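With mmCIF, N, CA and C atoms inside, this is input_34.cif:
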data_coords
loop_
_atom_site.label_atom_id
_atom_site.label_comp_id
_atom_site.auth_asym_id
_atom_site.auth_seq_id
_atom_site.Cartn_x
_atom_site.Cartn_y
_atom_site.Cartn_z
N MET S 1 -13.73 26.03 -21.62
CA MET S 1 -13.13 24.73 -21.30
C MET S 1 -12.48 24.82 -19.92
N PRO S 2 -12.79 23.86 -19.03
CA PRO S 2 -12.24 23.91 -17.67
C PRO S 2 -10.74 23.65 -17.67
N ASP S 3 -10.07 24.26 -16.71
CA ASP S 3 -8.64 24.08 -16.53
C ASP S 3 -8.41 22.85 -15.65
N LEU S 4 -7.74 21.85 -16.19
CA LEU S 4 -7.52 20.61 -15.43
C LEU S 4 -6.73 20.83 -14.15
N THR S 5 -5.91 21.86 -14.12
CA THR S 5 -5.10 22.09 -12.92
C THR S 5 -5.96 22.56 -11.74
N ASP S 6 -7.25 22.82 -11.97
CA ASP S 6 -8.18 23.13 -10.88
C ASP S 6 -9.05 21.94 -10.52
N ASP S 7 -8.95 20.86 -11.26
CA ASP S 7 -9.79 19.69 -11.05
C ASP S 7 -9.15 18.75 -10.02
N VAL S 8 -9.85 18.53 -8.90
CA VAL S 8 -9.30 17.72 -7.81
C VAL S 8 -9.02 16.29 -8.27
N GLY S 9 -9.92 15.70 -9.04
CA GLY S 9 -9.71 14.33 -9.53
C GLY S 9 -8.45 14.22 -10.37
N TYR S 10 -8.27 15.18 -11.28
CA TYR S 10 -7.07 15.19 -12.11
C TYR S 10 -5.82 15.32 -11.24
N LEU S 11 -5.84 16.26 -10.30
CA LEU S 11 -4.67 16.51 -9.46
C LEU S 11 -4.32 15.29 -8.60
N LEU S 12 -5.35 14.64 -8.03
CA LEU S 12 -5.08 13.43 -7.22
C LEU S 12 -4.50 12.32 -8.08
N THR S 13 -5.06 12.13 -9.27
CA THR S 13 -4.57 11.09 -10.17
C THR S 13 -3.15 11.38 -10.61
N ARG S 14 -2.90 12.61 -10.98
CA ARG S 14 -1.55 12.99 -11.45
C ARG S 14 -0.53 12.87 -10.32
N ALA S 15 -0.89 13.36 -9.12
CA ALA S 15 0.02 13.27 -7.98
C ALA S 15 0.30 11.81 -7.63
N SER S 16 -0.74 10.98 -7.64
CA SER S 16 -0.56 9.57 -7.35
C SER S 16 0.39 8.92 -8.35
N GLY S 17 0.19 9.20 -9.62
CA GLY S 17 1.06 8.63 -10.65
C GLY S 17 2.51 9.04 -10.46
N LEU S 18 2.74 10.29 -10.13
CA LEU S 18 4.10 10.78 -9.93
C LEU S 18 4.76 10.12 -8.71
N VAL S 19 4.01 10.01 -7.62
CA VAL S 19 4.56 9.39 -6.41
C VAL S 19 4.82 7.91 -6.65
N VAL S 20 3.91 7.23 -7.33
CA VAL S 20 4.09 5.80 -7.61
C VAL S 20 5.32 5.59 -8.49
N ARG S 21 5.49 6.40 -9.51
CA ARG S 21 6.66 6.25 -10.39
C ARG S 21 7.96 6.48 -9.62
N ALA S 22 8.00 7.53 -8.81
CA ALA S 22 9.21 7.82 -8.02
C ALA S 22 9.49 6.70 -7.02
N THR S 23 8.43 6.18 -6.41
CA THR S 23 8.60 5.12 -5.42
C THR S 23 8.98 3.80 -6.09
N ASN S 24 8.38 3.50 -7.24
CA ASN S 24 8.79 2.29 -7.97
C ASN S 24 10.27 2.35 -8.33
N ALA S 25 10.73 3.51 -8.77
CA ALA S 25 12.15 3.66 -9.10
C ALA S 25 13.03 3.42 -7.88
N ALA S 26 12.60 3.94 -6.73
CA ALA S 26 13.38 3.77 -5.50
C ALA S 26 13.34 2.32 -5.01
N LEU S 27 12.23 1.64 -5.21
CA LEU S 27 12.09 0.26 -4.77
C LEU S 27 12.76 -0.74 -5.70
N ALA S 28 13.13 -0.32 -6.89
CA ALA S 28 13.71 -1.24 -7.88
C ALA S 28 14.94 -1.96 -7.34
N ASP S 29 15.77 -1.27 -6.56
CA ASP S 29 16.97 -1.89 -6.00
C ASP S 29 16.64 -3.02 -5.02
N VAL S 30 15.45 -2.97 -4.43
CA VAL S 30 15.02 -4.00 -3.49
C VAL S 30 14.26 -5.11 -4.23
N GLY S 31 13.93 -4.87 -5.49
CA GLY S 31 13.23 -5.86 -6.29
C GLY S 31 11.72 -5.84 -6.13
N LEU S 32 11.19 -4.71 -5.68
CA LEU S 32 9.75 -4.58 -5.48
C LEU S 32 9.18 -3.40 -6.26
N ARG S 33 7.86 -3.42 -6.39
CA ARG S 33 7.11 -2.29 -6.91
C ARG S 33 6.12 -1.88 -5.81
N VAL S 34 5.48 -0.75 -5.96
CA VAL S 34 4.63 -0.20 -4.91
C VAL S 34 3.55 -1.19 -4.45
N ARG S 35 2.85 -1.82 -5.38
CA ARG S 35 1.78 -2.74 -4.98
C ARG S 35 2.33 -3.95 -4.22
N GLN S 36 3.46 -4.49 -4.66
CA GLN S 36 4.07 -5.61 -3.95
C GLN S 36 4.51 -5.16 -2.55
N TYR S 37 5.11 -4.00 -2.50
CA TYR S 37 5.55 -3.45 -1.21
C TYR S 37 4.36 -3.28 -0.27
N SER S 38 3.25 -2.78 -0.78
CA SER S 38 2.06 -2.58 0.05
C SER S 38 1.56 -3.89 0.62
N VAL S 39 1.53 -4.94 -0.19
CA VAL S 39 1.10 -6.25 0.29
C VAL S 39 2.08 -6.75 1.35
N LEU S 40 3.37 -6.60 1.11
CA LEU S 40 4.38 -7.05 2.07
C LEU S 40 4.24 -6.32 3.41
N VAL S 41 4.00 -5.02 3.36
CA VAL S 41 3.83 -4.24 4.60
C VAL S 41 2.62 -4.75 5.38
N LEU S 42 1.50 -4.93 4.70
CA LEU S 42 0.29 -5.41 5.38
C LEU S 42 0.48 -6.82 5.92
N ALA S 43 1.16 -7.67 5.18
CA ALA S 43 1.43 -9.04 5.64
C ALA S 43 2.35 -9.04 6.85
N ASP S 44 3.29 -8.11 6.88
CA ASP S 44 4.24 -8.03 7.99
C ASP S 44 3.60 -7.37 9.21
N ASP S 45 2.74 -6.39 9.00
CA ASP S 45 2.15 -5.65 10.11
C ASP S 45 1.03 -6.40 10.82
N THR S 46 0.52 -7.44 10.21
CA THR S 46 -0.58 -8.20 10.79
C THR S 46 0.00 -9.46 11.43
N ARG S 47 -0.12 -9.58 12.73
CA ARG S 47 0.57 -10.63 13.50
C ARG S 47 0.36 -12.04 12.94
N ASP S 48 -0.88 -12.42 12.73
CA ASP S 48 -1.16 -13.78 12.23
C ASP S 48 -1.28 -13.84 10.71
N GLY S 49 -1.19 -12.71 10.05
CA GLY S 49 -1.39 -12.65 8.61
C GLY S 49 -2.70 -11.97 8.28
N ILE S 50 -2.93 -11.75 7.01
CA ILE S 50 -4.11 -11.03 6.54
C ILE S 50 -4.70 -11.80 5.37
N SER S 51 -6.01 -11.84 5.30
CA SER S 51 -6.65 -12.57 4.21
C SER S 51 -6.49 -11.81 2.90
N GLN S 52 -6.55 -12.54 1.81
CA GLN S 52 -6.45 -11.90 0.49
C GLN S 52 -7.65 -10.99 0.28
N ARG S 53 -8.80 -11.34 0.80
CA ARG S 53 -9.99 -10.49 0.69
C ARG S 53 -9.74 -9.15 1.40
N ASP S 54 -9.16 -9.21 2.60
CA ASP S 54 -8.87 -7.97 3.33
C ASP S 54 -7.79 -7.15 2.61
N LEU S 55 -6.80 -7.83 2.05
CA LEU S 55 -5.79 -7.12 1.26
C LEU S 55 -6.45 -6.36 0.11
N ALA S 56 -7.34 -7.02 -0.61
CA ALA S 56 -8.03 -6.39 -1.74
C ALA S 56 -8.81 -5.17 -1.28
N GLU S 57 -9.49 -5.30 -0.15
CA GLU S 57 -10.30 -4.19 0.36
C GLU S 57 -9.42 -3.01 0.77
N VAL S 58 -8.39 -3.28 1.55
CA VAL S 58 -7.51 -2.21 2.04
C VAL S 58 -6.82 -1.50 0.87
N LEU S 59 -6.37 -2.27 -0.11
CA LEU S 59 -5.61 -1.70 -1.23
C LEU S 59 -6.51 -1.19 -2.36
N GLY S 60 -7.78 -1.48 -2.30
CA GLY S 60 -8.69 -1.04 -3.35
C GLY S 60 -8.43 -1.74 -4.67
N LEU S 61 -8.05 -3.01 -4.60
CA LEU S 61 -7.73 -3.78 -5.80
C LEU S 61 -8.74 -4.90 -5.99
N ASP S 62 -8.84 -5.38 -7.22
CA ASP S 62 -9.64 -6.55 -7.52
C ASP S 62 -8.96 -7.75 -6.88
N PRO S 63 -9.74 -8.68 -6.30
CA PRO S 63 -9.13 -9.86 -5.68
C PRO S 63 -8.17 -10.63 -6.59
N SER S 64 -8.46 -10.67 -7.89
CA SER S 64 -7.56 -11.39 -8.80
C SER S 64 -6.19 -10.71 -8.87
N GLN S 65 -6.16 -9.39 -8.74
CA GLN S 65 -4.88 -8.68 -8.72
C GLN S 65 -4.09 -9.03 -7.46
N VAL S 66 -4.79 -9.16 -6.35
CA VAL S 66 -4.14 -9.51 -5.09
C VAL S 66 -3.57 -10.91 -5.16
N VAL S 67 -4.32 -11.84 -5.74
CA VAL S 67 -3.81 -13.22 -5.89
C VAL S 67 -2.49 -13.20 -6.65
N ALA S 68 -2.44 -12.45 -7.74
CA ALA S 68 -1.21 -12.37 -8.55
C ALA S 68 -0.06 -11.76 -7.75
N LEU S 69 -0.35 -10.71 -6.99
CA LEU S 69 0.70 -10.08 -6.18
C LEU S 69 1.21 -11.04 -5.11
N VAL S 70 0.30 -11.73 -4.44
CA VAL S 70 0.71 -12.69 -3.40
C VAL S 70 1.51 -13.83 -4.02
N ASP S 71 1.07 -14.30 -5.19
CA ASP S 71 1.82 -15.36 -5.88
C ASP S 71 3.25 -14.91 -6.18
N GLU S 72 3.41 -13.68 -6.65
CA GLU S 72 4.75 -13.15 -6.96
C GLU S 72 5.61 -13.09 -5.71
N LEU S 73 5.04 -12.57 -4.62
CA LEU S 73 5.79 -12.44 -3.38
C LEU S 73 6.10 -13.81 -2.77
N ALA S 74 5.17 -14.74 -2.89
CA ALA S 74 5.41 -16.10 -2.38
C ALA S 74 6.52 -16.78 -3.18
N ALA S 75 6.51 -16.61 -4.50
CA ALA S 75 7.54 -17.21 -5.35
C ALA S 75 8.93 -16.65 -5.00
N ALA S 76 8.97 -15.39 -4.54
CA ALA S 76 10.23 -14.77 -4.14
C ALA S 76 10.60 -15.11 -2.70
N GLY S 77 9.74 -15.85 -2.01
CA GLY S 77 10.03 -16.24 -0.63
C GLY S 77 9.78 -15.15 0.39
N LEU S 78 8.99 -14.13 0.03
CA LEU S 78 8.77 -12.99 0.92
C LEU S 78 7.50 -13.11 1.76
N VAL S 79 6.52 -13.87 1.27
CA VAL S 79 5.30 -14.13 2.03
C VAL S 79 4.94 -15.61 1.89
N GLU S 80 4.07 -16.06 2.79
CA GLU S 80 3.54 -17.41 2.70
C GLU S 80 2.07 -17.37 3.06
N ARG S 81 1.34 -18.35 2.55
CA ARG S 81 -0.06 -18.50 2.92
C ARG S 81 -0.13 -19.51 4.06
N ARG S 82 -0.78 -19.10 5.15
CA ARG S 82 -0.91 -19.94 6.34
C ARG S 82 -2.39 -20.21 6.61
N PRO S 83 -2.68 -21.32 7.25
CA PRO S 83 -4.07 -21.56 7.64
C PRO S 83 -4.51 -20.54 8.70
N SER S 84 -5.75 -20.12 8.61
CA SER S 84 -6.31 -19.21 9.60
C SER S 84 -6.56 -19.96 10.89
N PRO S 85 -6.23 -19.37 12.04
CA PRO S 85 -6.50 -20.05 13.31
C PRO S 85 -8.00 -20.06 13.65
N THR S 86 -8.79 -19.24 12.98
CA THR S 86 -10.22 -19.14 13.31
C THR S 86 -11.14 -19.69 12.22
N ASP S 87 -10.64 -19.87 11.01
CA ASP S 87 -11.48 -20.33 9.91
C ASP S 87 -10.66 -21.26 9.03
N ARG S 88 -10.88 -22.56 9.14
CA ARG S 88 -10.04 -23.52 8.43
C ARG S 88 -10.16 -23.43 6.91
N ARG S 89 -11.18 -22.74 6.41
CA ARG S 89 -11.34 -22.58 4.96
C ARG S 89 -10.49 -21.43 4.42
N GLN S 90 -10.03 -20.58 5.31
CA GLN S 90 -9.32 -19.38 4.90
C GLN S 90 -7.82 -19.52 5.07
N ARG S 91 -7.08 -18.92 4.15
CA ARG S 91 -5.61 -18.86 4.24
C ARG S 91 -5.25 -17.39 4.47
N LEU S 92 -4.25 -17.18 5.31
CA LEU S 92 -3.78 -15.84 5.61
C LEU S 92 -2.40 -15.63 5.01
N VAL S 93 -2.16 -14.43 4.54
CA VAL S 93 -0.87 -14.07 3.95
C VAL S 93 -0.02 -13.43 5.05
N ALA S 94 1.15 -14.00 5.27
CA ALA S 94 2.06 -13.52 6.31
C ALA S 94 3.46 -13.39 5.72
N ALA S 95 4.21 -12.41 6.23
CA ALA S 95 5.58 -12.22 5.79
C ALA S 95 6.47 -13.33 6.34
N THR S 96 7.39 -13.79 5.53
CA THR S 96 8.41 -14.74 5.98
C THR S 96 9.54 -13.96 6.64
N ALA S 97 10.49 -14.66 7.24
CA ALA S 97 11.65 -13.98 7.84
C ALA S 97 12.39 -13.18 6.76
N GLN S 98 12.54 -13.75 5.57
CA GLN S 98 13.18 -13.03 4.47
C GLN S 98 12.34 -11.81 4.08
N GLY S 99 11.02 -11.97 4.07
CA GLY S 99 10.13 -10.87 3.75
C GLY S 99 10.27 -9.72 4.73
N VAL S 100 10.42 -10.03 6.01
CA VAL S 100 10.59 -9.00 7.03
C VAL S 100 11.89 -8.23 6.78
N ARG S 101 12.96 -8.95 6.44
CA ARG S 101 14.24 -8.28 6.16
C ARG S 101 14.13 -7.38 4.93
N VAL S 102 13.50 -7.89 3.88
CA VAL S 102 13.33 -7.09 2.65
C VAL S 102 12.45 -5.89 2.93
N ARG S 103 11.40 -6.09 3.72
CA ARG S 103 10.50 -4.98 4.04
C ARG S 103 11.26 -3.85 4.74
N ARG S 104 12.17 -4.19 5.65
CA ARG S 104 12.94 -3.16 6.36
C ARG S 104 13.76 -2.32 5.38
N ARG S 105 14.39 -2.99 4.41
CA ARG S 105 15.16 -2.24 3.39
C ARG S 105 14.22 -1.45 2.50
N ALA S 106 13.09 -2.04 2.18
CA ALA S 106 12.13 -1.40 1.28
C ALA S 106 11.49 -0.17 1.92
N ASP S 107 11.31 -0.18 3.25
CA ASP S 107 10.73 0.98 3.93
C ASP S 107 11.52 2.25 3.63
N ALA S 108 12.83 2.15 3.75
CA ALA S 108 13.69 3.32 3.50
C ALA S 108 13.63 3.73 2.04
N ALA S 109 13.62 2.76 1.14
CA ALA S 109 13.55 3.06 -0.29
C ALA S 109 12.22 3.73 -0.64
N ALA S 110 11.12 3.20 -0.11
CA ALA S 110 9.80 3.77 -0.40
C ALA S 110 9.71 5.20 0.14
N ALA S 111 10.21 5.41 1.34
CA ALA S 111 10.19 6.76 1.92
C ALA S 111 11.00 7.73 1.07
N ALA S 112 12.14 7.27 0.55
CA ALA S 112 12.97 8.11 -0.31
C ALA S 112 12.23 8.44 -1.61
N GLY S 113 11.51 7.48 -2.15
CA GLY S 113 10.74 7.73 -3.37
C GLY S 113 9.66 8.77 -3.16
N VAL S 114 8.95 8.67 -2.06
CA VAL S 114 7.90 9.65 -1.75
C VAL S 114 8.54 11.02 -1.54
N GLN S 115 9.64 11.05 -0.79
CA GLN S 115 10.31 12.34 -0.52
C GLN S 115 10.80 13.00 -1.80
N ARG S 116 11.20 12.17 -2.76
CA ARG S 116 11.64 12.73 -4.04
C ARG S 116 10.54 13.57 -4.67
N GLN S 117 9.29 13.12 -4.49
CA GLN S 117 8.18 13.82 -5.12
C GLN S 117 7.63 14.95 -4.25
N ILE S 118 7.60 14.78 -2.93
CA ILE S 118 6.98 15.81 -2.08
C ILE S 118 8.00 16.55 -1.21
N GLY S 119 9.26 16.31 -1.46
CA GLY S 119 10.32 16.90 -0.64
C GLY S 119 10.39 18.41 -0.66
N ASP S 120 9.81 19.04 -1.67
CA ASP S 120 9.81 20.51 -1.72
C ASP S 120 8.79 21.11 -0.75
N LEU S 121 7.89 20.28 -0.22
CA LEU S 121 6.94 20.77 0.77
C LEU S 121 7.62 20.78 2.14
N SER S 122 7.25 21.75 2.96
CA SER S 122 7.80 21.79 4.31
C SER S 122 7.25 20.59 5.10
N ALA S 123 7.86 20.32 6.25
CA ALA S 123 7.39 19.22 7.09
C ALA S 123 5.93 19.43 7.47
N GLY S 124 5.55 20.64 7.78
CA GLY S 124 4.16 20.95 8.13
C GLY S 124 3.23 20.74 6.95
N GLU S 125 3.65 21.14 5.77
CA GLU S 125 2.83 20.94 4.57
C GLU S 125 2.66 19.44 4.27
N GLN S 126 3.74 18.68 4.46
CA GLN S 126 3.65 17.23 4.24
C GLN S 126 2.68 16.60 5.23
N GLN S 127 2.72 17.03 6.48
CA GLN S 127 1.81 16.51 7.49
C GLN S 127 0.36 16.88 7.15
N THR S 128 0.15 18.11 6.71
CA THR S 128 -1.19 18.55 6.30
C THR S 128 -1.68 17.73 5.11
N LEU S 129 -0.81 17.52 4.12
CA LEU S 129 -1.18 16.73 2.95
C LEU S 129 -1.58 15.32 3.35
N ARG S 130 -0.79 14.67 4.20
CA ARG S 130 -1.12 13.32 4.67
C ARG S 130 -2.47 13.30 5.38
N GLY S 131 -2.67 14.27 6.24
CA GLY S 131 -3.93 14.35 6.98
C GLY S 131 -5.13 14.52 6.07
N LEU S 132 -5.01 15.40 5.10
CA LEU S 132 -6.11 15.61 4.16
C LEU S 132 -6.37 14.37 3.32
N LEU S 133 -5.32 13.73 2.85
CA LEU S 133 -5.49 12.51 2.06
C LEU S 133 -6.10 11.39 2.89
N GLN S 134 -5.69 11.27 4.14
CA GLN S 134 -6.28 10.25 5.02
C GLN S 134 -7.77 10.48 5.18
N ARG S 135 -8.18 11.74 5.30
CA ARG S 135 -9.61 12.04 5.42
C ARG S 135 -10.35 11.72 4.13
N VAL S 136 -9.75 12.02 2.98
CA VAL S 136 -10.38 11.70 1.70
C VAL S 136 -10.53 10.19 1.55
N VAL S 137 -9.47 9.45 1.87
CA VAL S 137 -9.50 8.00 1.74
C VAL S 137 -10.50 7.38 2.71
N ALA S 138 -10.62 7.93 3.92
CA ALA S 138 -11.55 7.40 4.91
C ALA S 138 -12.99 7.49 4.41
N GLY S 139 -13.30 8.51 3.66
CA GLY S 139 -14.65 8.66 3.12
C GLY S 139 -15.62 9.22 4.14
N PRO S 140 -16.78 9.65 3.67
CA PRO S 140 -17.74 10.32 4.56
C PRO S 140 -18.29 9.41 5.67
N ASP S 141 -18.50 8.13 5.40
CA ASP S 141 -19.06 7.24 6.42
C ASP S 141 -18.09 7.08 7.60
N GLU S 142 -16.83 6.85 7.28
CA GLU S 142 -15.83 6.67 8.35
C GLU S 142 -15.60 7.97 9.11
N ARG S 143 -15.63 9.10 8.39
CA ARG S 143 -15.46 10.40 9.07
C ARG S 143 -16.63 10.66 10.02
N ALA S 144 -17.86 10.33 9.60
CA ALA S 144 -19.04 10.53 10.44
C ALA S 144 -18.97 9.64 11.67
N ALA S 145 -18.52 8.40 11.51
CA ALA S 145 -18.41 7.48 12.63
C ALA S 145 -17.37 7.97 13.63
N ALA S 146 -16.27 8.53 13.14
CA ALA S 146 -15.22 9.03 14.02
C ALA S 146 -15.68 10.27 14.77
N ALA S 147 -16.56 11.07 14.16
CA ALA S 147 -17.01 12.31 14.80
C ALA S 147 -18.02 12.03 15.90
N SER S 148 -18.70 10.88 15.86
CA SER S 148 -19.73 10.62 16.87
C SER S 148 -19.21 9.89 18.09
#
Is it possible to give me this structure as structure tokens?
Amino acid sequence: MPDLTDDVGYLLTRASGLVVRATNAALADVGLRVRQYSVLVLADDTRDGISQRDLAEVLGLDPSQVVALVDELAAAGLVERRPSPTDRRQRLVAATAQGVRVRRRADAAAAAGVQRQIGDLSAGEQQTLRGLLQRVVAGPDERAAAAS
């Protein structure tokens, strides 16, 4: 019988779950959870806003999940749906002024949650971990494109 502690899929899933739980606990004081925080960050970082389709793609979520997250954030006054300047059929999700303020507080909370889980790693180990995970998330097609 294989040892799960040698299985990369198991380790990634387990590590993700632990980091998400620690980060959700840290974000609770701000009134957010990791997925809501992720949508808020993307909405704030994109000057004109980001489409729900792009949010779903970036976050790896089903579009219906993104709609629910945007609805929750909009009800809290943290994001709004705006008309796209290039496609009148599309609405873009953008952070409100209140959303920007909450995001600033949430950044520190989210970082503390992650540190709670990976804080035993040295700064160099944390940087290596981030780099390796970024390469895994990018996938083989994106890595090949970057190499050429």
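Running the PyMOL selection byres (((chain S and resi 130-138 and name CA) around 12) and name CA) on this file leaves S:Val8, S:Gly9, S:Leu12, S:Ala15, S:Ser16, S:Val58, S:Leu59, S:Gly60, S:Val114, S:Ile118, S:Leu121, S:Ala123, S:Gly124, S:Glu125, S:Gln126, S:Gln127, S:Thr128, S:Leu129, S:Gly139, S:Pro140, S:Asp141, S:Glu142, S:Arg143, S:Ala144, S:Ala145, S:Ala146, S:Ala147 selected.
Each of S:Leu40, S:Leu78, S:Asp48, S:Arg35 was checked against Gln65 (chain S) using only C-alpha atoms; the smallest atom-to-atom distance is that of S:Arg35.
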**Message:** For a test of reading the model, state the distance in Å between CA of Ser38 (chain S) and atom N of Val70 (chain S), rounded to one decimal.
**Reply:**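 Those two atoms sit 10.3 Å apart.
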**Complete:** Between S:Glu57, S:Arg116, S:Ala74, S:Leu42, smallest distance to Thr23 (chain S) by only N, CA and C atoms belongs to S:Arg116
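As for CA of Leu61 (chain S) and atom N of Leu4 (chain S), they are spaced 27.7 Å apart.
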